[in-house]
file query.txt (compact mmCIF, C-alpha atoms)
# COMPACT_ATOMS: atom_id res chain seq x y z
CA MET I 1 42.43 152.05 -36.56
CA ARG I 2 38.70 152.66 -36.86
CA LEU I 3 38.20 149.43 -38.86
CA GLY I 4 39.82 147.32 -36.16
CA SER I 5 37.88 149.07 -33.42
CA GLU I 6 34.55 148.39 -35.08
CA ILE I 7 35.36 144.72 -35.78
CA SER I 8 36.44 144.40 -32.15
CA ARG I 9 33.15 145.98 -31.05
CA ILE I 10 31.15 143.54 -33.21
CA VAL I 11 33.08 140.58 -31.79
CA LYS I 12 32.78 141.71 -28.16
CA HIS I 13 29.05 142.30 -28.59
CA GLU I 14 28.57 138.80 -30.01
CA LEU I 15 30.61 137.22 -27.22
CA LYS I 16 28.56 139.00 -24.59
CA VAL I 17 25.14 138.41 -26.15
CA ASN I 18 25.84 134.73 -26.81
CA GLU I 19 27.71 134.16 -23.54
CA VAL I 20 30.71 132.46 -25.17
CA GLN I 21 34.45 132.96 -24.81
CA LEU I 22 35.40 132.78 -28.48
CA ILE I 23 33.63 133.46 -31.76
CA SER I 24 34.55 129.94 -32.85
CA ASP I 25 32.35 128.66 -30.00
CA LEU I 26 29.23 129.94 -31.78
CA SER I 27 26.92 127.78 -33.88
CA ALA I 28 27.56 127.63 -37.63
CA ASP I 29 24.55 129.89 -38.29
CA ARG I 30 25.67 132.44 -35.74
CA ASN I 31 29.24 132.31 -37.09
CA LEU I 32 27.85 133.13 -40.52
CA GLU I 33 25.92 136.10 -39.13
CA VAL I 34 29.06 137.47 -37.42
CA ALA I 35 31.09 136.98 -40.60
CA ARG I 36 28.35 138.83 -42.51
CA LYS I 37 28.36 141.76 -40.07
CA CYS I 38 32.15 142.07 -40.24
CA ALA I 39 32.27 141.65 -44.02
CA ASP I 40 29.51 144.19 -44.61
CA TYR I 41 31.21 146.71 -42.35
CA LEU I 42 34.60 146.24 -44.04
CA CYS I 43 33.19 146.33 -47.56
CA GLY I 44 31.17 149.46 -46.79
CA SER I 45 34.11 151.22 -45.17
CA LEU I 46 36.49 150.28 -47.97
CA LYS I 47 33.87 151.06 -50.63
CA ILE I 48 34.16 147.67 -52.30
CA ASP I 49 31.53 145.22 -53.52
CA ARG I 50 29.67 143.20 -50.94
CA ILE I 51 30.95 139.65 -50.44
CA THR I 52 28.47 137.08 -51.71
CA ASP I 53 26.76 134.68 -49.35
CA GLU I 54 28.48 131.77 -51.10
CA GLN I 55 31.94 133.33 -50.60
CA LEU I 56 31.12 134.00 -46.98
CA ARG I 57 29.86 130.46 -46.35
CA THR I 58 33.06 128.94 -47.71
CA SER I 59 35.23 131.11 -45.46
CA GLN I 60 33.05 131.57 -42.36
CA PHE I 61 35.02 129.11 -40.21
CA ASP I 62 38.33 130.70 -41.22
CA VAL I 63 36.82 134.06 -40.28
CA ALA I 64 35.67 132.64 -36.92
CA LYS I 65 39.13 131.24 -36.28
CA LYS I 66 40.79 134.59 -37.05
CA LEU I 67 38.29 136.43 -34.86
CA SER I 68 39.02 133.98 -32.04
CA ILE I 69 42.66 134.92 -31.61
CA ARG I 70 43.15 135.55 -27.91
CA GLU I 71 45.40 138.46 -27.22
CA THR I 72 45.45 140.07 -23.85
CA TRP I 73 47.40 143.06 -22.66
CA ILE I 74 47.54 144.26 -19.09
CA TYR I 75 46.40 147.82 -19.70
CA ARG I 76 47.91 150.71 -17.77
CA ASP I 77 44.84 151.30 -15.61
CA TRP I 78 44.80 147.61 -14.70
CA GLN I 79 48.50 147.81 -13.85
CA THR I 80 47.71 150.72 -11.57
CA GLY I 81 44.88 148.76 -9.95
CA ILE I 82 47.14 145.76 -9.42
CA GLY I 83 49.78 148.05 -7.91
CA GLU I 84 47.22 149.57 -5.56
CA LEU I 85 46.15 146.07 -4.56
CA MET I 86 49.67 144.70 -3.99
CA LEU I 87 51.48 147.72 -2.52
CA VAL I 88 51.06 149.30 0.89
CA LYS I 89 52.66 152.40 2.36
CA SER I 90 55.89 151.43 4.09
CA GLU I 91 56.64 152.35 7.66
CA SER I 92 60.37 152.04 6.93
CA PRO I 93 62.27 155.31 6.38
CA ASN I 94 64.20 153.61 3.55
CA ARG I 95 61.17 152.63 1.46
CA THR I 96 58.04 154.30 0.21
CA PHE I 97 56.08 151.08 -0.39
CA ASP I 98 56.14 147.44 0.60
CA VAL I 99 54.56 144.54 -1.23
CA ILE I 100 51.87 142.71 0.71
CA GLY I 101 52.65 139.16 1.79
CA TYR I 102 51.10 136.03 0.38
CA LYS I 103 48.82 135.60 3.40
CA GLU I 104 47.32 139.06 2.90
CA PHE I 105 47.03 138.48 -0.86
CA GLU I 106 45.23 135.19 -0.24
CA THR I 107 42.79 136.96 2.09
CA ILE I 108 42.02 139.50 -0.64
CA PHE I 109 41.83 136.75 -3.28
CA GLU I 110 39.30 134.75 -1.26
CA SER I 111 37.31 137.78 -0.11
CA GLU I 112 33.74 138.22 -1.31
CA ASP I 113 34.01 142.00 -0.98
CA PRO I 114 33.25 143.35 -4.51
CA GLU I 115 35.79 146.18 -4.15
CA LYS I 116 38.57 143.72 -3.31
CA GLN I 117 37.47 141.32 -6.02
CA LYS I 118 37.40 143.90 -8.83
CA TRP I 119 41.09 143.61 -9.78
CA ILE I 120 41.29 139.90 -9.01
CA THR I 121 38.39 139.26 -11.40
CA ARG I 122 39.97 141.37 -14.14
CA LEU I 123 43.29 139.58 -13.77
CA TYR I 124 41.57 136.20 -13.77
CA LYS I 125 39.86 137.04 -17.06
CA LEU I 126 43.21 137.92 -18.63
CA PHE I 127 44.77 134.57 -17.90
CA ASP I 128 41.79 132.24 -17.63
CA SER I 129 42.26 129.16 -19.81
CA VAL I 130 45.89 129.89 -20.73
CA VAL I 131 47.68 126.62 -21.41
CA VAL I 132 51.38 127.52 -21.52
CA ASN I 133 52.44 124.32 -23.30
CA ASN I 134 49.77 124.87 -25.94
CA THR I 135 50.95 125.65 -29.46
CA ASP I 136 47.67 127.30 -30.43
CA ALA I 137 48.55 130.04 -32.91
CA ASN I 138 45.31 131.78 -31.96
CA ASP I 139 46.35 132.38 -28.34
CA MET I 140 48.86 135.21 -28.30
CA ARG I 141 48.81 135.34 -24.49
CA ILE I 142 51.27 132.44 -24.31
CA GLU I 143 53.92 134.33 -26.28
CA GLN I 144 53.22 137.48 -24.26
CA LEU I 145 53.81 135.57 -21.02
CA ARG I 146 57.03 134.05 -22.39
CA ASN I 147 58.25 137.49 -23.45
CA THR I 148 57.41 138.92 -20.04
CA TYR I 149 59.21 136.05 -18.31
CA LYS I 150 62.32 136.56 -20.42
CA SER I 151 62.20 140.34 -19.92
CA ILE I 152 62.10 139.87 -16.15
CA ALA I 153 65.11 137.51 -16.40
CA ASN I 154 66.98 140.18 -18.40
CA LEU I 155 66.03 142.80 -15.81
CA LEU I 156 67.37 140.58 -13.01
CA ILE I 157 70.67 140.15 -14.87
CA THR I 158 70.90 143.90 -15.44
CA ILE I 159 70.30 144.59 -11.75
CA GLU I 160 72.90 141.98 -10.81
CA LYS I 161 75.47 143.58 -13.15
CA SER I 162 74.85 147.06 -11.79
CA GLU I 163 77.23 148.56 -9.29
CA VAL I 164 74.49 148.90 -6.71
CA ASP I 165 74.50 145.88 -4.40
CA LEU I 166 70.98 145.65 -3.09
CA GLY I 167 71.44 142.14 -1.78
CA LEU I 168 68.03 141.22 -3.13
CA LEU I 169 68.94 138.56 -5.64
CA GLY I 170 70.22 135.14 -4.73
CA THR I 171 72.85 133.36 -6.80
CA GLU I 172 70.39 130.62 -7.83
CA THR I 173 67.95 133.24 -9.12
CA ILE I 174 70.68 134.87 -11.22
CA ARG I 175 71.90 131.49 -12.48
CA LYS I 176 68.39 130.57 -13.65
CA ALA I 177 67.87 133.99 -15.25
CA LYS I 178 71.15 133.67 -17.16
CA SER I 179 70.27 130.13 -18.22
CA LEU I 180 66.90 131.29 -19.55
CA CYS I 181 68.41 134.21 -21.45
CA SER I 182 71.17 132.08 -22.97
CA LYS I 183 68.54 129.82 -24.60
CA GLY I 184 67.85 132.53 -27.13

call {"tool": "encode", "arguments": {"input": "query.txt", "output": "structure tokens"}}
result
Amino acid sequence: MRLGSEISRIVKHELKVNEVQLISDLSADRNLEVARKCADYLCGSLKIDRITDEQLRTSQFDVAKKLSIRETWIYRDWQTGIGELMLVKSESPNRTFDVIGYKEFETIFESEDPEKQKWITRLYKLFDSVVVNNTDANDMRIEQLRNTYKSIANLLITIEKSEVDLGLLGTETIRKAKSLCSKG
């Protein structure tokens, strides 16, 4: 785990210092420097011979591509922040919380108040530049979104099959969920 953490630290540092989104966005010289830092760290940690400059030059763009894989998880603290943003205490005796409406969400979304923008900005960074129809093997976020979408469809079907009739799900919603899940 330590190896991955240090490589991640090197990559994040380079992204920040060079103000780029992906390692592959760096110049060829800078890519080589990042590859060298990562290779030296790995070789030192694994107690193996240092990779030659020639070997590194021939693989630097492959290294950059591998280090540019975009994988984003919505971490637990971010989930909590999103929940705090989207949920309000309910005045109904039957519910503890209600979800804010779109109008209120839009007000928060467009607000310039830094406290309100904190979670919006974090969420935006997670999904910025996602192209769902893209087949880019380096962008794992697409598959994560598809898996989330399918999981929600399965959850809707499970709720619909339960003996508790909440009256929350329309027949069209269930039909679409079943159609999605039947596609494999």

call {"tool": "atom_distance", "arguments": {"input": "query.txt", "atom1": "CA of Phe105 (chain I)", "atom2": "CA of Thr173 (chain I)"}}
result
23.1 Å

call {"tool": "closest_atom_pairs", "arguments": {"input": "query.txt", "of": "region 62-128 of chain I", "to": "region 11-32 of chain I", "cutoff": "8 Å", "atoms": "only C-alpha atoms", "output": "Markdown table"}}
result
| residue | atom | partner | partner_atom | distance |
| --- | --- | --- | --- | --- |
| I:Ala64 | CA | I:Ser24 | CA | 5.0 |
| I:Lys65 | CA | I:Ser24 | CA | 5.9 |
| I:Leu67 | CA | I:Ile23 | CA | 6.3 |
| I:Ser68 | CA | I:Leu22 | CA | 5.2 |

call {"tool": "write_last_selection", "arguments": {"input": "query.txt", "atoms": "C-alpha atoms", "output": "mmCIF file, in the frame of the given file"}}
result
data_model
loop_
_atom_site.group_PDB
_atom_site.id
_atom_site.type_symbol
_atom_site.label_atom_id
_atom_site.label_comp_id
_atom_site.auth_asym_id
_atom_site.auth_seq_id
_atom_site.Cartn_x
_atom_site.Cartn_y
_atom_site.Cartn_z
ATOM 1 C CA ALA I 64 35.670 132.640 -36.920
ATOM 2 C CA LYS I 65 39.130 131.240 -36.280
ATOM 3 C CA LEU I 67 38.290 136.430 -34.860
ATOM 4 C CA SER I 68 39.020 133.980 -32.040
#

call {"tool": "residues_around", "arguments": {"input": "query.txt", "residues": "Ile159 (chain I)", "least_positions_apart": "6", "cutoff": "12 Å", "atoms": "all atoms listed in the file", "output": "count of residues only"}}
result
11

call {"tool": "closest_residue", "arguments": {"input": "query.txt", "among": "I:Gln144, I:Leu87, I:Ile48, I:Glu112", "to": "Phe127 (chain I)", "atoms": "all atoms listed in the file"}}
result
I:Gln144

call {"tool": "closest_residue", "arguments": {"input": "query.txt", "among": "I:Lys176, I:Lys37, I:Arg95, I:Arg122", "to": "Arg9 (chain I)", "atoms": "only C-alpha atoms"}}
result
I:Lys37

call {"tool": "atom_distance", "arguments": {"input": "query.txt", "atom1": "CA of Thr52 (chain I)", "atom2": "CA of Lys66 (chain I)"}}
result
19.3 Å

call {"tool": "residues_near_point", "arguments": {"input": "query.txt", "point": "(75.3, 133.5, -15.6)", "cutoff": "12 Å", "atoms": "only C-alpha atoms", "output": "JSON, numbers by chain"}}
result
{"I": [153, 154, 156, 157, 158, 160, 161, 171, 172, 173, 174, 175, 176, 177, 178, 179, 180, 181, 182, 183]}

call {"tool": "axis_aligned_box", "arguments": {"input": "query.txt", "around": "region 62-69 of chain I", "padding_each_side": "8 Å", "output": "JSON"}}
result
{"center_x": 39.2, "center_y": 133.6, "center_z": -36.4, "size_x": 23.0, "size_y": 21.7, "size_z": 25.6}

call {"tool": "atom_distance", "arguments": {"input": "query.txt", "atom1": "CA of Ile7 (chain I)", "atom2": "CA of Ile69 (chain I)"}}
result
12.9 Å

call {"tool": "closest_residue", "arguments": {"input": "query.txt", "among": "I:Leu3, I:Gln117, I:Gly101, I:Arg146", "to": "Val131 (chain I)", "atoms": "only C-alpha atoms"}}
result
I:Arg146

call {"tool": "decode", "arguments": {"input": "query.txt", "residues": "region 144-157 of chain I", "atoms": "all heavy atoms", "output": "mmCIF file, in the first residue's frame"}}
result
data_model
loop_
_atom_site.group_PDB
_atom_site.id
_atom_site.type_symbol
_atom_site.label_atom_id
_atom_site.label_comp_id
_atom_site.auth_asym_id
_atom_site.auth_seq_id
_atom_site.Cartn_x
_atom_site.Cartn_y
_atom_site.Cartn_z
ATOM 1 N N GLN I 144 -17.527 3.302 -13.224
ATOM 2 C CA GLN I 144 -18.069 3.514 -11.882
ATOM 3 C C GLN I 144 -19.474 4.107 -11.950
ATOM 4 O O GLN I 144 -20.364 3.696 -11.199
ATOM 5 C CB GLN I 144 -17.147 4.421 -11.066
ATOM 6 C CG GLN I 144 -15.833 3.767 -10.721
ATOM 7 C CD GLN I 144 -14.838 4.752 -10.145
ATOM 8 O OE1 GLN I 144 -15.124 5.925 -9.951
ATOM 9 N NE2 GLN I 144 -13.643 4.264 -9.885
ATOM 10 N N LEU I 145 -19.682 5.057 -12.844
ATOM 11 C CA LEU I 145 -21.016 5.641 -12.995
ATOM 12 C C LEU I 145 -22.011 4.607 -13.521
ATOM 13 O O LEU I 145 -23.149 4.540 -13.051
ATOM 14 C CB LEU I 145 -20.971 6.857 -13.928
ATOM 15 C CG LEU I 145 -20.334 8.112 -13.346
ATOM 16 C CD1 LEU I 145 -20.155 9.166 -14.426
ATOM 17 C CD2 LEU I 145 -21.166 8.656 -12.190
ATOM 18 N N ARG I 146 -21.588 3.808 -14.485
ATOM 19 C CA ARG I 146 -22.470 2.749 -15.012
ATOM 20 C C ARG I 146 -22.833 1.757 -13.910
ATOM 21 O O ARG I 146 -23.995 1.334 -13.801
ATOM 22 C CB ARG I 146 -21.798 2.023 -16.175
ATOM 23 C CG ARG I 146 -21.786 2.828 -17.443
ATOM 24 C CD ARG I 146 -21.237 2.013 -18.616
ATOM 25 N NE ARG I 146 -21.176 2.843 -19.795
ATOM 26 C CZ ARG I 146 -20.076 3.068 -20.498
ATOM 27 N NH1 ARG I 146 -18.941 2.491 -20.174
ATOM 28 N NH2 ARG I 146 -20.109 3.848 -21.561
ATOM 29 N N ASN I 147 -21.856 1.366 -13.109
ATOM 30 C CA ASN I 147 -22.122 0.430 -12.012
ATOM 31 C C ASN I 147 -23.068 1.038 -10.978
ATOM 32 O O ASN I 147 -23.955 0.353 -10.460
ATOM 33 C CB ASN I 147 -20.815 -0.007 -11.347
ATOM 34 C CG ASN I 147 -19.989 -0.911 -12.230
ATOM 35 O OD1 ASN I 147 -20.488 -1.525 -13.173
ATOM 36 N ND2 ASN I 147 -18.698 -0.994 -11.948
ATOM 37 N N THR I 148 -22.891 2.310 -10.693
ATOM 38 C CA THR I 148 -23.783 2.992 -9.749
ATOM 39 C C THR I 148 -25.200 3.042 -10.304
ATOM 40 O O THR I 148 -26.175 2.756 -9.596
ATOM 41 C CB THR I 148 -23.269 4.420 -9.463
ATOM 42 O OG1 THR I 148 -21.957 4.324 -8.908
ATOM 43 C CG2 THR I 148 -24.184 5.160 -8.507
ATOM 44 N N TYR I 149 -25.318 3.381 -11.566
ATOM 45 C CA TYR I 149 -26.620 3.460 -12.241
ATOM 46 C C TYR I 149 -27.340 2.111 -12.169
ATOM 47 O O TYR I 149 -28.513 2.027 -11.806
ATOM 48 C CB TYR I 149 -26.373 3.893 -13.694
ATOM 49 C CG TYR I 149 -27.602 4.156 -14.511
ATOM 50 C CD1 TYR I 149 -28.508 5.149 -14.170
ATOM 51 C CD2 TYR I 149 -27.841 3.432 -15.680
ATOM 52 C CE1 TYR I 149 -29.625 5.417 -14.950
ATOM 53 C CE2 TYR I 149 -28.954 3.685 -16.466
ATOM 54 C CZ TYR I 149 -29.838 4.667 -16.101
ATOM 55 O OH TYR I 149 -30.937 4.921 -16.871
ATOM 56 N N LYS I 150 -26.617 1.053 -12.483
ATOM 57 C CA LYS I 150 -27.216 -0.282 -12.459
ATOM 58 C C LYS I 150 -27.561 -0.702 -11.022
ATOM 59 O O LYS I 150 -28.597 -1.329 -10.791
ATOM 60 C CB LYS I 150 -26.280 -1.298 -13.104
ATOM 61 C CG LYS I 150 -26.947 -2.618 -13.361
ATOM 62 C CD LYS I 150 -26.155 -3.483 -14.293
ATOM 63 C CE LYS I 150 -26.944 -4.746 -14.590
ATOM 64 N NZ LYS I 150 -26.289 -5.579 -15.571
ATOM 65 N N SER I 151 -26.732 -0.350 -10.073
ATOM 66 C CA SER I 151 -27.008 -0.675 -8.666
ATOM 67 C C SER I 151 -28.272 0.023 -8.177
ATOM 68 O O SER I 151 -29.069 -0.561 -7.438
ATOM 69 C CB SER I 151 -25.824 -0.274 -7.779
ATOM 70 O OG SER I 151 -24.709 -1.061 -8.092
ATOM 71 N N ILE I 152 -28.457 1.262 -8.598
ATOM 72 C CA ILE I 152 -29.671 1.992 -8.219
ATOM 73 C C ILE I 152 -30.889 1.322 -8.846
ATOM 74 O O ILE I 152 -31.930 1.161 -8.193
ATOM 75 C CB ILE I 152 -29.568 3.479 -8.617
ATOM 76 C CG1 ILE I 152 -28.524 4.171 -7.734
ATOM 77 C CG2 ILE I 152 -30.918 4.185 -8.503
ATOM 78 C CD1 ILE I 152 -28.145 5.563 -8.191
ATOM 79 N N ALA I 153 -30.765 0.886 -10.098
ATOM 80 C CA ALA I 153 -31.875 0.176 -10.758
ATOM 81 C C ALA I 153 -32.204 -1.099 -9.991
ATOM 82 O O ALA I 153 -33.378 -1.405 -9.744
ATOM 83 C CB ALA I 153 -31.514 -0.135 -12.207
ATOM 84 N N ASN I 154 -31.190 -1.841 -9.575
ATOM 85 C CA ASN I 154 -31.416 -3.064 -8.783
ATOM 86 C C ASN I 154 -32.074 -2.742 -7.444
ATOM 87 O O ASN I 154 -32.951 -3.475 -6.980
ATOM 88 C CB ASN I 154 -30.101 -3.817 -8.559
ATOM 89 C CG ASN I 154 -29.717 -4.660 -9.739
ATOM 90 O OD1 ASN I 154 -30.535 -5.356 -10.318
ATOM 91 N ND2 ASN I 154 -28.451 -4.600 -10.110
ATOM 92 N N LEU I 155 -31.658 -1.653 -6.831
ATOM 93 C CA LEU I 155 -32.259 -1.231 -5.563
ATOM 94 C C LEU I 155 -33.735 -0.890 -5.759
ATOM 95 O O LEU I 155 -34.587 -1.290 -4.943
ATOM 96 C CB LEU I 155 -31.499 -0.026 -5.002
ATOM 97 C CG LEU I 155 -32.007 0.550 -3.685
ATOM 98 C CD1 LEU I 155 -31.936 -0.492 -2.573
ATOM 99 C CD2 LEU I 155 -31.194 1.777 -3.311
ATOM 100 N N LEU I 156 -34.057 -0.196 -6.841
ATOM 101 C CA LEU I 156 -35.457 0.142 -7.125
ATOM 102 C C LEU I 156 -36.300 -1.122 -7.308
ATOM 103 O O LEU I 156 -37.422 -1.216 -6.794
ATOM 104 C CB LEU I 156 -35.550 1.023 -8.374
ATOM 105 C CG LEU I 156 -34.990 2.434 -8.247
ATOM 106 C CD1 LEU I 156 -34.997 3.125 -9.601
ATOM 107 C CD2 LEU I 156 -35.739 3.240 -7.208
ATOM 108 N N ILE I 157 -35.759 -2.098 -8.000
ATOM 109 C CA ILE I 157 -36.478 -3.364 -8.213
ATOM 110 C C ILE I 157 -36.673 -4.084 -6.888
ATOM 111 O O ILE I 157 -37.762 -4.611 -6.607
ATOM 112 C CB ILE I 157 -35.723 -4.254 -9.230
ATOM 113 C CG1 ILE I 157 -35.758 -3.596 -10.612
ATOM 114 C CG2 ILE I 157 -36.306 -5.655 -9.266
ATOM 115 C CD1 ILE I 157 -34.796 -4.217 -11.611
#
